[in-house]
>>> print(open('entry.txt').read())   # compact mmCIF, C-alpha atoms
# COMPACT_ATOMS: atom_id res chain seq x y z
CA MET A 283 -144.84 131.06 -65.73
CA SER A 284 -148.47 131.70 -64.84
CA ASN A 285 -150.21 134.26 -66.98
CA SER A 286 -153.27 134.65 -64.79
CA SER A 287 -152.25 137.83 -63.03
CA SER A 288 -149.31 139.43 -64.78
CA ALA A 289 -148.97 142.76 -66.56
CA PHE A 290 -146.31 143.68 -69.09
CA VAL A 291 -145.40 147.35 -68.80
CA PHE A 292 -143.44 149.10 -71.53
CA PRO A 293 -141.41 152.26 -70.74
CA ALA A 294 -141.29 155.27 -73.07
CA PHE A 295 -137.67 156.35 -73.19
CA VAL A 296 -134.25 154.94 -72.63
CA ARG A 297 -132.54 156.91 -69.89
CA ASP A 298 -129.44 154.87 -69.25
CA TYR A 299 -127.95 151.67 -70.58
CA HIS A 300 -125.41 151.41 -67.75
CA ASP A 301 -128.08 149.87 -65.54
CA ASP A 302 -129.12 147.42 -68.22
CA LYS A 303 -128.51 143.71 -67.75
CA SER A 304 -130.15 142.68 -71.02
CA PRO A 305 -126.95 141.33 -72.65
CA VAL A 306 -127.01 138.50 -70.08
CA ILE A 307 -130.44 137.45 -71.31
CA LYS A 308 -129.98 134.49 -73.61
CA GLY A 309 -130.86 135.30 -77.19
CA PHE A 310 -131.42 139.00 -76.53
CA SER A 311 -128.39 140.46 -78.28
CA ASN A 312 -128.98 138.68 -81.60
CA LEU A 313 -132.67 139.50 -81.66
CA PHE A 314 -132.08 143.11 -80.63
CA HIS A 315 -129.47 143.52 -83.36
CA ARG A 316 -131.83 142.04 -85.95
CA TYR A 317 -134.59 144.49 -84.99
CA LEU A 318 -132.05 147.33 -84.96
CA ILE A 319 -131.01 146.60 -88.55
CA LEU A 320 -134.64 146.32 -89.62
CA ALA A 321 -135.46 149.65 -87.94
CA SER A 322 -132.45 151.31 -89.54
CA GLU A 323 -133.82 150.31 -92.95
CA ILE A 324 -137.28 151.69 -92.15
CA VAL A 325 -136.72 154.96 -90.28
CA ASP A 326 -133.14 155.90 -89.44
CA ARG A 327 -129.91 154.46 -90.87
CA ASP A 328 -127.90 155.65 -87.88
CA LEU A 329 -129.72 153.20 -85.62
CA SER A 330 -127.44 150.46 -86.89
CA PHE A 331 -124.49 152.24 -85.21
CA PHE A 332 -126.03 151.98 -81.78
CA HIS A 333 -123.90 150.56 -78.99
CA PRO A 334 -124.92 150.37 -75.31
CA GLU A 335 -121.64 152.03 -74.25
CA ASN A 336 -122.37 155.06 -76.42
CA GLN A 337 -124.44 157.17 -74.05
CA THR A 338 -124.41 160.18 -76.42
CA PHE A 339 -127.00 158.23 -78.35
CA LEU A 340 -129.39 159.09 -75.53
CA ASP A 341 -129.23 162.80 -76.35
CA HIS A 342 -131.28 162.30 -79.48
CA GLU A 343 -134.89 162.45 -78.38
CA LEU A 344 -136.45 160.56 -81.26
CA ARG A 345 -133.78 157.83 -81.19
CA THR A 346 -134.33 157.18 -77.49
CA GLN A 347 -137.95 156.47 -78.36
CA TYR A 348 -136.93 154.17 -81.20
CA MET A 349 -134.53 152.38 -78.86
CA ALA A 350 -137.13 151.89 -76.14
CA PHE A 351 -139.50 150.55 -78.81
CA ILE A 352 -136.94 148.19 -80.37
CA TYR A 353 -135.90 147.00 -76.93
CA GLY A 354 -139.51 146.44 -75.91
CA CYS A 355 -140.28 144.49 -79.09
CA SER A 356 -137.16 142.30 -78.65
CA ILE A 357 -138.07 141.49 -75.08
CA SER A 358 -141.68 140.91 -76.07
CA GLU A 359 -140.57 138.26 -78.56
CA ILE A 360 -138.32 136.52 -76.03
CA LEU A 361 -141.12 136.44 -73.47
CA GLN A 362 -143.48 134.92 -76.05
CA GLU A 363 -140.88 132.33 -77.07
CA ARG A 364 -140.58 131.33 -73.42
CA GLU A 365 -144.37 131.20 -73.16
CA ILE A 366 -144.58 133.96 -70.60
CA HIS A 367 -147.85 135.69 -71.37
CA PRO A 368 -149.51 138.66 -69.70
CA LYS A 369 -153.12 139.13 -68.71
CA ILE A 370 -152.88 142.81 -69.55
CA LEU A 371 -150.55 145.24 -71.35
CA CYS A 372 -149.65 148.78 -70.47
CA GLY A 373 -147.50 151.43 -72.12
CA TYR A 374 -146.02 154.22 -70.04
CA SER A 375 -146.56 157.30 -72.21
CA MET A 376 -144.94 156.59 -75.60
CA GLY A 377 -144.37 153.01 -74.43
CA ILE A 378 -147.81 152.40 -75.92
CA TYR A 379 -146.26 151.54 -79.30
CA SER A 380 -144.33 148.47 -78.16
CA ALA A 381 -147.28 147.40 -75.99
CA LEU A 382 -149.48 147.47 -79.10
CA VAL A 383 -146.96 145.40 -81.07
CA HIS A 384 -146.95 142.80 -78.29
CA GLY A 385 -150.74 142.73 -78.34
CA GLY A 386 -150.81 142.19 -82.10
CA ALA A 387 -152.59 145.48 -82.83
CA ILE A 388 -149.80 146.95 -84.99
CA SER A 389 -146.75 145.66 -86.82
CA PHE A 390 -143.16 146.45 -85.85
CA GLU A 391 -142.84 148.59 -88.96
CA ASN A 392 -146.01 150.57 -88.26
CA GLY A 393 -144.89 151.09 -84.68
CA LEU A 394 -141.75 152.80 -85.94
CA LEU A 395 -143.71 154.88 -88.43
CA LEU A 396 -146.16 155.97 -85.71
CA ILE A 397 -143.27 157.10 -83.50
CA ARG A 398 -141.67 159.01 -86.36
CA ASN A 399 -144.89 160.64 -87.50
CA ALA A 400 -145.93 161.67 -83.99
CA PHE A 401 -142.51 163.19 -83.38
CA GLN A 402 -142.59 165.07 -86.69
CA GLU A 403 -146.05 166.54 -86.05
CA ILE A 404 -145.06 167.51 -82.51
CA SER A 405 -141.84 169.11 -83.79
CA TYR A 406 -143.78 171.25 -86.31
CA THR A 407 -146.14 172.40 -83.57
CA THR A 408 -143.38 173.31 -81.12
CA MET A 409 -140.83 174.81 -83.51
CA THR A 410 -141.84 178.39 -82.64
CA GLY A 411 -140.94 178.14 -78.97
CA ARG A 412 -138.92 176.34 -76.35
CA PHE A 413 -140.74 173.66 -74.47
CA GLY A 414 -139.97 170.74 -72.22
CA MET A 415 -140.91 168.60 -69.27
CA ALA A 416 -139.86 168.53 -65.65
CA GLY A 417 -140.05 166.22 -62.67
CA ILE A 418 -140.96 167.26 -59.15
CA ILE A 419 -140.61 164.88 -56.22
CA GLY A 420 -141.60 165.59 -52.64
CA LEU A 421 -144.59 167.93 -53.00
CA THR A 422 -148.29 167.08 -53.07
CA GLU A 423 -150.56 167.81 -56.04
CA PRO A 424 -152.24 170.80 -54.29
CA ASP A 425 -148.78 172.23 -53.54
CA ILE A 426 -147.87 172.05 -57.23
CA GLN A 427 -151.25 173.31 -58.46
CA ASN A 428 -150.79 176.30 -56.21
CA ILE A 429 -147.43 177.02 -57.86
CA LEU A 430 -148.95 176.67 -61.33
CA LYS A 431 -151.81 179.12 -60.75
CA SER A 432 -149.91 181.93 -62.43
CA LEU A 433 -148.34 179.73 -65.13
CA PRO A 434 -151.11 178.78 -67.59
CA ASP A 435 -148.74 177.14 -70.07
CA VAL A 436 -147.44 174.62 -67.54
CA GLU A 437 -149.52 171.69 -66.37
CA ILE A 438 -149.17 168.48 -64.43
CA THR A 439 -149.17 165.84 -67.15
CA ASN A 440 -148.47 162.73 -65.10
CA GLN A 441 -148.52 161.50 -61.53
CA ASN A 442 -146.07 158.68 -60.76
CA SER A 443 -146.92 158.32 -57.05
CA SER A 444 -148.55 160.36 -54.31
CA PHE A 445 -145.57 162.75 -54.27
CA SER A 446 -143.95 162.38 -57.68
CA PHE A 447 -145.21 164.42 -60.64
CA VAL A 448 -144.27 165.28 -64.19
CA LEU A 449 -144.96 168.70 -65.69
CA SER A 450 -145.04 169.83 -69.31
CA GLY A 451 -145.05 173.28 -70.84
CA ARG A 452 -143.00 176.23 -71.96
CA GLN A 453 -139.41 175.96 -70.82
CA ARG A 454 -139.17 179.40 -69.21
CA ASP A 455 -142.35 178.83 -67.21
CA LEU A 456 -141.20 175.35 -66.21
CA GLU A 457 -138.01 176.84 -64.81
CA ILE A 458 -140.07 179.33 -62.78
CA ALA A 459 -142.20 176.44 -61.50
CA LEU A 460 -139.10 174.45 -60.54
CA ASP A 461 -137.60 177.36 -58.59
CA ALA A 462 -140.88 177.75 -56.70
CA ALA A 463 -141.04 173.99 -56.07
CA ARG A 464 -137.53 174.00 -54.57
CA GLU A 465 -138.48 176.89 -52.33
CA GLU A 466 -141.59 174.98 -51.26
CA GLY A 467 -139.47 172.00 -50.17
CA ALA A 468 -139.30 169.65 -53.18
CA PHE A 469 -136.52 167.07 -52.89
CA HIS A 470 -136.07 166.92 -56.58
CA ALA A 471 -137.11 169.54 -59.13
CA ARG A 472 -135.39 169.22 -62.48
CA MET A 473 -135.95 169.55 -66.19
CA LEU A 474 -136.17 166.26 -68.09
CA ASN A 475 -134.00 165.63 -71.11
CA VAL A 476 -136.76 166.33 -73.64
CA THR A 477 -137.69 169.40 -75.69
CA VAL A 478 -141.31 168.48 -76.21
CA PRO A 479 -144.25 169.04 -73.81
CA TYR A 480 -145.69 165.52 -74.17
CA HIS A 481 -149.24 165.03 -72.89
CA SER A 482 -149.87 168.79 -72.79
CA HIS A 483 -152.84 170.65 -74.29
CA LEU A 484 -150.21 172.57 -76.28
CA LEU A 485 -149.95 169.50 -78.55
CA LYS A 486 -153.61 169.22 -79.45
CA SER A 487 -153.12 170.50 -83.00
CA ALA A 488 -150.20 168.07 -83.48
CA ALA A 489 -152.42 165.24 -82.28
CA LEU A 490 -155.10 166.14 -84.81
CA GLN A 491 -152.53 165.99 -87.63
CA PHE A 492 -151.18 162.72 -86.22
CA ALA A 493 -154.75 161.33 -86.27
CA LYS A 494 -154.81 161.61 -90.06
CA PHE A 495 -151.82 159.28 -90.21
CA VAL A 496 -153.18 156.89 -87.56
CA TYR A 497 -156.35 156.37 -89.58
CA THR A 498 -154.38 155.34 -92.67
CA LEU A 499 -152.73 152.39 -90.90
CA ASP A 500 -153.77 148.79 -90.45
CA ILE A 501 -154.65 148.44 -86.80
CA TYR A 502 -156.08 145.22 -85.42
CA THR A 503 -158.08 144.18 -82.38
CA LEU A 504 -155.80 143.44 -79.44
CA LYS A 505 -155.19 139.79 -78.57
CA THR A 506 -154.30 140.86 -75.05
CA PRO A 507 -156.12 143.91 -73.64
CA LEU A 508 -154.34 147.18 -72.98
CA ILE A 509 -155.07 149.41 -70.02
CA SER A 510 -155.25 153.11 -70.86
CA VAL A 511 -152.87 155.28 -68.85
CA LEU A 512 -155.13 158.24 -69.71
CA ASN A 513 -158.37 157.03 -68.13
CA GLN A 514 -157.58 153.51 -66.88
CA GLU A 515 -160.18 151.91 -69.17
CA ILE A 516 -159.50 148.46 -70.60
CA LEU A 517 -159.08 148.67 -74.37
CA HIS A 518 -159.57 145.98 -77.04
CA SER A 519 -161.02 147.36 -80.25
CA GLN A 520 -159.40 149.01 -83.24
CA GLU A 521 -161.37 152.20 -82.61
CA ASP A 522 -160.32 152.26 -78.94
CA ILE A 523 -156.69 151.94 -79.98
CA LYS A 524 -156.84 154.68 -82.60
CA THR A 525 -158.44 157.06 -80.12
CA GLU A 526 -155.89 156.18 -77.48
CA LEU A 527 -152.96 156.73 -79.85
CA VAL A 528 -154.18 160.22 -80.72
CA GLU A 529 -155.18 161.30 -77.21
CA ASN A 530 -151.93 159.92 -75.79
CA ILE A 531 -150.15 162.84 -77.49
CA TYR A 532 -151.97 165.71 -75.76
CA LYS A 533 -153.89 164.39 -72.75
CA HIS A 534 -152.58 163.95 -69.22
CA PHE A 535 -151.87 160.44 -68.04
CA ASN A 536 -151.70 159.01 -64.56
CA TRP A 537 -149.27 156.17 -63.96
CA TYR A 538 -150.12 155.98 -60.26
CA ALA A 539 -153.84 155.52 -60.92
CA THR A 540 -153.05 153.02 -63.68
CA GLN A 541 -150.92 150.80 -61.47
CA LEU A 542 -153.54 151.01 -58.69
CA LYS A 543 -156.22 149.98 -61.20
CA MET A 544 -154.13 147.02 -62.33
CA LEU A 545 -153.72 145.99 -58.69
CA ASN A 546 -157.45 146.37 -58.12
CA ILE A 547 -158.26 144.03 -61.00
CA GLY A 548 -155.97 141.38 -59.56
CA MET A 549 -152.54 141.86 -61.12
CA THR A 550 -149.84 140.55 -58.79
CA LEU A 551 -146.85 140.49 -61.12
CA PHE A 552 -145.54 143.40 -63.19
CA ILE A 553 -142.77 142.91 -65.72
CA GLU A 554 -140.89 145.97 -66.98
CA CYS A 555 -140.22 145.34 -70.67
CA GLY A 556 -137.43 147.85 -71.16
CA PRO A 557 -133.87 148.65 -70.22
CA GLY A 558 -133.28 149.83 -66.68
CA LYS A 559 -135.64 149.75 -63.76
CA SER A 560 -137.31 153.15 -63.65
CA LEU A 561 -140.88 151.82 -63.36
CA LYS A 562 -139.82 149.16 -60.86
CA LYS A 563 -138.13 151.84 -58.72
CA ASN A 564 -141.23 153.99 -58.83
CA SER A 565 -143.43 151.05 -57.80
CA LYS A 566 -141.81 151.03 -54.35
CA PHE A 567 -144.06 153.96 -53.49
CA ILE A 568 -147.23 152.13 -54.43
CA ASP A 569 -148.54 149.86 -51.69
CA GLY A 570 -149.91 146.44 -52.52
CA ASN A 571 -149.23 142.74 -52.52
CA TYR A 572 -147.33 142.31 -55.77
CA GLN A 573 -143.95 141.78 -57.40
CA PHE A 574 -142.39 144.18 -59.89
CA LEU A 575 -139.58 142.61 -61.90
CA SER A 576 -137.08 143.96 -64.37
CA MET A 577 -136.18 141.92 -67.44
CA ASP A 578 -133.01 140.38 -66.08
CA GLU A 579 -134.90 139.20 -63.00
CA VAL A 580 -137.50 137.48 -65.18
CA LEU A 581 -135.22 135.92 -67.76
CA LYS A 582 -131.94 135.24 -65.96
CA MET B 1395 -142.79 162.41 -31.14
CA ALA B 1396 -140.46 159.39 -31.03
CA GLN B 1397 -138.32 158.85 -27.97
CA ILE B 1398 -134.59 158.83 -28.72
CA LYS B 1399 -133.01 155.92 -26.87
CA GLU B 1400 -129.42 154.96 -26.37
CA ASN B 1401 -129.50 152.50 -29.23
CA THR B 1402 -131.59 154.60 -31.69
CA ARG B 1403 -128.55 155.76 -33.64
CA ASP B 1404 -127.36 152.18 -34.02
CA GLU B 1405 -130.83 151.15 -35.24
CA VAL B 1406 -130.91 153.99 -37.76
CA GLN B 1407 -127.40 153.22 -38.95
CA GLU B 1408 -128.23 149.56 -39.47
CA VAL B 1409 -131.37 150.38 -41.49
CA VAL B 1410 -129.48 152.95 -43.62
CA TYR B 1411 -126.52 150.66 -44.31
CA ASP B 1412 -128.73 147.66 -45.15
CA PHE B 1413 -130.97 149.81 -47.32
CA PHE B 1414 -128.17 151.20 -49.49
CA ALA B 1415 -126.41 147.83 -49.68
CA ASP B 1416 -129.61 146.29 -51.01
CA GLU B 1417 -130.65 149.16 -53.32
CA CYS B 1418 -127.21 149.77 -54.77
CA GLU B 1419 -126.21 146.10 -54.92
CA VAL B 1420 -123.03 146.52 -52.88
CA ASP B 1421 -121.74 144.60 -49.89
CA VAL B 1422 -122.63 146.29 -46.61
CA SER B 1423 -118.96 146.13 -45.62
CA GLU B 1424 -118.23 148.61 -48.43
CA ILE B 1425 -120.44 151.26 -46.81
CA SER B 1426 -119.21 153.62 -44.09
CA ASP B 1427 -120.33 156.95 -42.66
CA GLN B 1428 -117.93 158.63 -45.10
CA THR B 1429 -119.47 156.99 -48.18
CA ASN B 1430 -120.78 159.59 -50.63
CA ILE B 1431 -124.35 158.67 -51.55
CA ILE B 1432 -124.33 159.98 -55.10
CA LYS B 1433 -120.69 159.61 -56.15
CA ASP B 1434 -119.93 156.26 -54.47
CA LEU B 1435 -123.32 154.57 -54.52
CA ASP B 1436 -125.06 156.22 -57.49
CA GLY B 1437 -127.95 157.01 -55.16
CA ASP B 1438 -130.89 159.22 -56.10
CA SER B 1439 -133.70 161.24 -54.58
CA LEU B 1440 -136.16 158.35 -54.87
CA MET B 1441 -133.93 156.26 -52.61
CA PHE B 1442 -133.80 159.11 -50.13
CA LEU B 1443 -137.59 159.32 -50.12
CA GLU B 1444 -137.96 155.57 -49.76
CA LEU B 1445 -135.73 155.66 -46.72
CA ILE B 1446 -137.74 158.48 -45.18
CA GLU B 1447 -140.92 156.47 -45.68
CA ILE B 1448 -139.28 153.51 -43.94
CA PHE B 1449 -138.41 155.66 -40.92
CA LYS B 1450 -141.82 157.35 -40.87
CA LYS B 1451 -143.41 153.93 -40.48
CA LYS B 1452 -140.79 152.53 -38.10
CA TYR B 1453 -141.00 155.45 -35.65
CA SER B 1454 -144.59 156.60 -36.42
CA LEU B 1455 -143.31 160.03 -37.40
CA GLU B 1456 -145.57 162.99 -38.12
CA ILE B 1457 -143.63 165.05 -40.63
CA GLU B 1458 -144.38 166.39 -44.07
CA LEU B 1459 -141.97 165.58 -46.87
CA LYS B 1460 -141.73 169.22 -47.85
CA THR B 1461 -140.60 170.09 -44.32
CA ILE B 1462 -137.70 167.68 -44.74
CA GLY B 1463 -137.10 169.10 -48.21
CA LYS B 1464 -136.86 172.64 -46.86
CA TYR B 1465 -134.46 171.51 -44.16
CA ALA B 1466 -132.36 169.57 -46.69
CA VAL B 1467 -131.99 172.62 -48.95
CA LYS B 1468 -130.34 174.51 -46.08
CA ASN B 1469 -128.49 171.46 -44.75
CA PRO B 1470 -127.54 169.36 -47.77
CA VAL B 1471 -126.65 165.72 -47.23
CA GLU B 1472 -123.82 164.11 -49.17
CA THR B 1473 -122.59 161.20 -47.06
CA ILE B 1474 -124.18 158.28 -45.29
CA GLY B 1475 -123.10 159.72 -41.93
CA GLN B 1476 -124.77 163.07 -42.69
CA LEU B 1477 -127.91 161.22 -43.72
CA ILE B 1478 -127.97 159.33 -40.43
CA ASP B 1479 -127.48 162.60 -38.51
CA MET B 1480 -130.36 164.18 -40.38
CA GLN B 1481 -132.54 161.16 -39.79
CA MET B 1482 -131.85 161.38 -36.07
CA LEU B 1483 -132.95 165.03 -36.08
CA ILE B 1484 -136.12 164.10 -37.98
CA ILE B 1485 -136.95 161.40 -35.43
CA GLU B 1486 -136.27 163.76 -32.55
CA HIS B 1487 -137.94 166.93 -33.83
CA GLU B 1488 -140.35 165.83 -36.58
CA ASN B 1489 -142.16 168.89 -38.05
CA ARG B 1490 -140.26 171.21 -35.69
CA ILE B 1491 -136.99 170.41 -37.46
CA LEU B 1492 -137.12 173.75 -39.29
CA GLU B 1493 -137.02 175.58 -35.97
CA LEU B 1494 -133.47 174.27 -35.52
CA ASP B 1495 -132.15 176.62 -38.20
>>> encode(input="entry.txt", output="C-alpha cells")
Amino acid sequence: MSNSSSAFVFPAFVRDYHDDKSPVIKGFSNLFHRYLILASEIVDRDLSFFHPENQTFLDHELRTQYMAFIYGCSISEILQEREIHPKILCGYSMGIYSALVHGGAISFENGLLLIRNAFQEISYTTMTGRFGMAGIIGLTEPDIQNILKSLPDVEITNQNSSFSFVLSGRQRDLEIALDAAREEGAFHARMLNVTVPYHSHLLKSAALQFAKFVYTLDIYTLKTPLISVLNQEILHSQEDIKTELVENIYKHFNWYATQLKMLNIGMTLFIECGPGKSLKKNSKFIDGNYQFLSMDEVLK
Amino acid sequence: MAQIKENTRDEVQEVVYDFFADECEVDVSEISDQTNIIKDLDGDSLMFLELIEIFKKKYSLEIELKTIGKYAVKNPVETIGQLIDMQMLIIEHENRILELD
C-alpha cells in the first residue's frame, strides 16, 4: 500500500468492543494477547483478564486508556509487518501515546507508564470535586460559548466538526450547560463516561507534576512526524514531543482543524488504529477528497 | 423553499432506507416504516445529522440544525416512518417548522 499520503490516527478510549472486527484480522488476537500479558506485568495485573465480551471492563477509566493503547500498538505492529506505512501520525487526545510508540519516540513500556502517571496526577488534582466531560452535537460554537458565559469552570475542549463539540469542567456546571444546550436545540447533549476534565485549564497543576515524570523518560526523535492536535504543528524532535505530552493534559485540542490540516497537506487516506469506528464516523462531516478506513477495512 | 411533489415522499423514503441499510449494515428489505432507529438499527444522533445534511444538499434547504433540534425535542422520532414524516415537514417548511407547534 502506498505510504505517500496516508495518516494513521489513534483513538483515545475504547467505547465499545461490540463494533470491533479486529478478531478477523489475521494475527491480531495472538499479538494483542501478548501485549496484554506484557502490560499486565507492567501496570495492572487485571488486564490479563480482559475479554471483548466483558463490557464492564469499559467502566474503568484508566483501563479503557490502557486498552486503546494496547490495541493501537498491536495494530501498529501488524501494519508495519505488512509494510503499510504512514506519512504522518496523529493521536486523538490520549491516543498520542500509541502514536508515539508507532513513531519510535517511546517504548511500549514507557507508553503504559506515561498513561498511568498522567492518570494518577490528574486523579490527585481532581479528588476534591466532581468533574467530567460532555458532548454536544447540533449547536454552533457561538451558541455554546453563549451558554458557557456564566459557567467559568466549563470550557469547550475539543471541536470534532462544525457542529460537534466536547466540553470539560465541573460536573454540576456541565449538567447546567447540557440542560441549556437541549433547550437551545442540541440534538445530542450528554455526559461522557469519564470523571476527569481532560484538556481543561483545571488540570494545569497536574500537567506540571506530570512534566517531572516526562522529563525522566527516554524519548527519541520521531521516525514518522506527528501532527499536534493542540496547534496543528508538525512535530519531530524530542523537545517537541515532551512539550506536547505535557500540554496535551490541560490544553484544548481541535480534531476538526487537525483533520483539515492533514487534508491541506495532501493526506488522502486515514486509517483508524483502534477498535470501533468513532473517528471514521465523525469524518463524514468533514468535506474533502479522501478515504477514512477502519482496521478491518484495511486488513481484511 | 422546496416544492413538494407527488413523488417527494417516495424519494425521501428511498434515501432514508438506503442510508440506514448502508450505515447499519443491514439489508434494505429488513427496514420498514415501523423499524425503530435506535432499538432495531443501533442508530445514533450522528446518523440523524448526516441524513439531515444529505437532505439539505438534495433540496437546497435553508434551515438551522438547532431549529430541527428544537422541533425534535417536542416531536421525538423513534421509527423510520416518523423520521420520514419529519423530513417531509422540514422540506416543506424549513425554518418555519417551529411555527407548526
>>> atom_distance(input="entry.txt", atom1="atom CA of A:Asn530", atom2="atom CA of A:Asp435")
18.4 Å
>>> atom_distance(input="entry.txt", atom1="atom CA of A:Lys533", atom2="atom CA of B:Ser1439")
27.3 Å
>>> closest_atom_pairs(input="entry.txt", of="chain A", to="chain B", cutoff="12 Å", atoms="all atoms listed in the file", output="tab-separated table")
residue	atom	partner	partner_atom	distance
A:His300	CA	B:Asp1436	CA	11.3
A:Asp301	CA	B:Asp1436	CA	10.7
A:Gly417	CA	B:Ser1439	CA	11.4
A:Ile418	CA	B:Ser1439	CA	10.5
A:Ile419	CA	B:Ser1439	CA	8.0
A:Gly420	CA	B:Leu1459	CA	5.8
A:Leu421	CA	B:Lys1460	CA	6.0
A:Thr422	CA	B:Lys1460	CA	8.7
A:Asp425	CA	B:Lys1460	CA	9.5
A:Ile426	CA	B:Lys1460	CA	11.6
A:Asn442	CA	B:Leu1440	CA	11.5
A:Ser443	CA	B:Leu1440	CA	11.0
A:Ser444	CA	B:Leu1459	CA	11.2
A:Phe445	CA	B:Leu1459	CA	8.7
A:Ser446	CA	B:Leu1440	CA	9.2
A:Ala462	CA	B:Lys1464	CA	11.8
A:Ala463	CA	B:Lys1460	CA	9.5
A:Arg464	CA	B:Lys1464	CA	7.9
A:Glu465	CA	B:Lys1464	CA	7.1
A:Glu466	CA	B:Lys1460	CA	6.7
A:Gly467	CA	B:Gly1463	CA	4.2
A:Ala468	CA	B:Gly1463	CA	5.5
A:Phe469	CA	B:Gly1463	CA	5.1
A:His470	CA	B:Ser1439	CA	6.5
A:Ala471	CA	B:Ser1439	CA	10.1
A:Arg472	CA	B:Ser1439	CA	11.4
A:Lys559	CA	B:Glu1417	CA	11.6
A:Ser560	CA	B:Leu1440	CA	10.3
A:Leu561	CA	B:Leu1440	CA	11.7
A:Lys562	CA	B:Leu1440	CA	11.6
A:Lys563	CA	B:Leu1440	CA	7.8
A:Asn564	CA	B:Leu1440	CA	7.8
A:Ser565	CA	B:Leu1440	CA	10.7
A:Lys566	CA	B:Glu1444	CA	7.5
A:Phe567	CA	B:Glu1444	CA	7.3
A:Ile568	CA	B:Glu1444	CA	10.9
A:Asp569	CA	B:Glu1447	CA	11.7
>>> residues_near_point(input="entry.txt", point="(-154.5, 150.7, -88.1)", cutoff="12 Å", atoms="all atoms listed in the file", output="PyMOL selection string")
chain A and resi 382-383+386-389+391-393+395-396+493-504+519-525+527
>>> write_last_selection(input="entry.txt", atoms="C-alpha atoms", output="PDB file, in the coordinates of the input")
ATOM      1  CA  LEU A 382    -149.480 147.470 -79.100  1.00  0.00           C
ATOM      2  CA  VAL A 383    -146.960 145.400 -81.070  1.00  0.00           C
ATOM      3  CA  GLY A 386    -150.810 142.190 -82.100  1.00  0.00           C
ATOM      4  CA  ALA A 387    -152.590 145.480 -82.830  1.00  0.00           C
ATOM      5  CA  ILE A 388    -149.800 146.950 -84.990  1.00  0.00           C
ATOM      6  CA  SER A 389    -146.750 145.660 -86.820  1.00  0.00           C
ATOM      7  CA  GLU A 391    -142.840 148.590 -88.960  1.00  0.00           C
ATOM      8  CA  ASN A 392    -146.010 150.570 -88.260  1.00  0.00           C
ATOM      9  CA  GLY A 393    -144.890 151.090 -84.680  1.00  0.00           C
ATOM     10  CA  LEU A 395    -143.710 154.880 -88.430  1.00  0.00           C
ATOM     11  CA  LEU A 396    -146.160 155.970 -85.710  1.00  0.00           C
ATOM     12  CA  ALA A 493    -154.750 161.330 -86.270  1.00  0.00           C
ATOM     13  CA  LYS A 494    -154.810 161.610 -90.060  1.00  0.00           C
ATOM     14  CA  PHE A 495    -151.820 159.280 -90.210  1.00  0.00           C
ATOM     15  CA  VAL A 496    -153.180 156.890 -87.560  1.00  0.00           C
ATOM     16  CA  TYR A 497    -156.350 156.370 -89.580  1.00  0.00           C
ATOM     17  CA  THR A 498    -154.380 155.340 -92.670  1.00  0.00           C
ATOM     18  CA  LEU A 499    -152.730 152.390 -90.900  1.00  0.00           C
ATOM     19  CA  ASP A 500    -153.770 148.790 -90.450  1.00  0.00           C
ATOM     20  CA  ILE A 501    -154.650 148.440 -86.800  1.00  0.00           C
ATOM     21  CA  TYR A 502    -156.080 145.220 -85.420  1.00  0.00           C
ATOM     22  CA  THR A 503    -158.080 144.180 -82.380  1.00  0.00           C
ATOM     23  CA  LEU A 504    -155.800 143.440 -79.440  1.00  0.00           C
ATOM     24  CA  SER A 519    -161.020 147.360 -80.250  1.00  0.00           C
ATOM     25  CA  GLN A 520    -159.400 149.010 -83.240  1.00  0.00           C
ATOM     26  CA  GLU A 521    -161.370 152.200 -82.610  1.00  0.00           C
ATOM     27  CA  ASP A 522    -160.320 152.260 -78.940  1.00  0.00           C
ATOM     28  CA  ILE A 523    -156.690 151.940 -79.980  1.00  0.00           C
ATOM     29  CA  LYS A 524    -156.840 154.680 -82.600  1.00  0.00           C
ATOM     30  CA  THR A 525    -158.440 157.060 -80.120  1.00  0.00           C
ATOM     31  CA  LEU A 527    -152.960 156.730 -79.850  1.00  0.00           C
TER      32      LEU A 527
END
>>> atom_distance(input="entry.txt", atom1="atom CA of A:Glu526", atom2="atom CA of A:Glu554")
21.0 Å
>>> residues_around(input="entry.txt", residues="B:Leu1483", least_positions_apart="5", cutoff="12 Å", atoms="all atoms listed in the file", output="PyMOL selection string")
chain B and resi 1395-1398+1402-1403+1406+1449+1455+1457+1462+1465-1466+1469+1476-1478+1488-1495
>>> write_last_selection(input="entry.txt", atoms="C-alpha atoms", output="tab-separated table (two decimals), in the frame of the given file")
chain	number	residue	atom	x	y	z
B	1395	MET	CA	-142.79	162.41	-31.14
B	1396	ALA	CA	-140.46	159.39	-31.03
B	1397	GLN	CA	-138.32	158.85	-27.97
B	1398	ILE	CA	-134.59	158.83	-28.72
B	1402	THR	CA	-131.59	154.60	-31.69
B	1403	ARG	CA	-128.55	155.76	-33.64
B	1406	VAL	CA	-130.91	153.99	-37.76
B	1449	PHE	CA	-138.41	155.66	-40.92
B	1455	LEU	CA	-143.31	160.03	-37.40
B	1457	ILE	CA	-143.63	165.05	-40.63
B	1462	ILE	CA	-137.70	167.68	-44.74
B	1465	TYR	CA	-134.46	171.51	-44.16
B	1466	ALA	CA	-132.36	169.57	-46.69
B	1469	ASN	CA	-128.49	171.46	-44.75
B	1476	GLN	CA	-124.77	163.07	-42.69
B	1477	LEU	CA	-127.91	161.22	-43.72
B	1478	ILE	CA	-127.97	159.33	-40.43
B	1488	GLU	CA	-140.35	165.83	-36.58
B	1489	ASN	CA	-142.16	168.89	-38.05
B	1490	ARG	CA	-140.26	171.21	-35.69
B	1491	ILE	CA	-136.99	170.41	-37.46
B	1492	LEU	CA	-137.12	173.75	-39.29
B	1493	GLU	CA	-137.02	175.58	-35.97
B	1494	LEU	CA	-133.47	174.27	-35.52
B	1495	ASP	CA	-132.15	176.62	-38.20
>>> closest_residue(input="entry.txt", among="B:Glu1456, B:Lys1451, B:Ile1474, B:Asn1401", to="B:Ala1415", atoms="only C-alpha atoms")
B:Ile1474
>>> residues_near_point(input="entry.txt", point="(-152.2, 165.1, -74.9)", cutoff="8 Å", atoms="only C-alpha atoms", output="list in words")
Tyr480, His481, Ser482, His483, Leu484, Leu485, Lys486, Ala489, Val528, Glu529, Asn530, Ile531, Tyr532, Lys533 and His534 of chain A
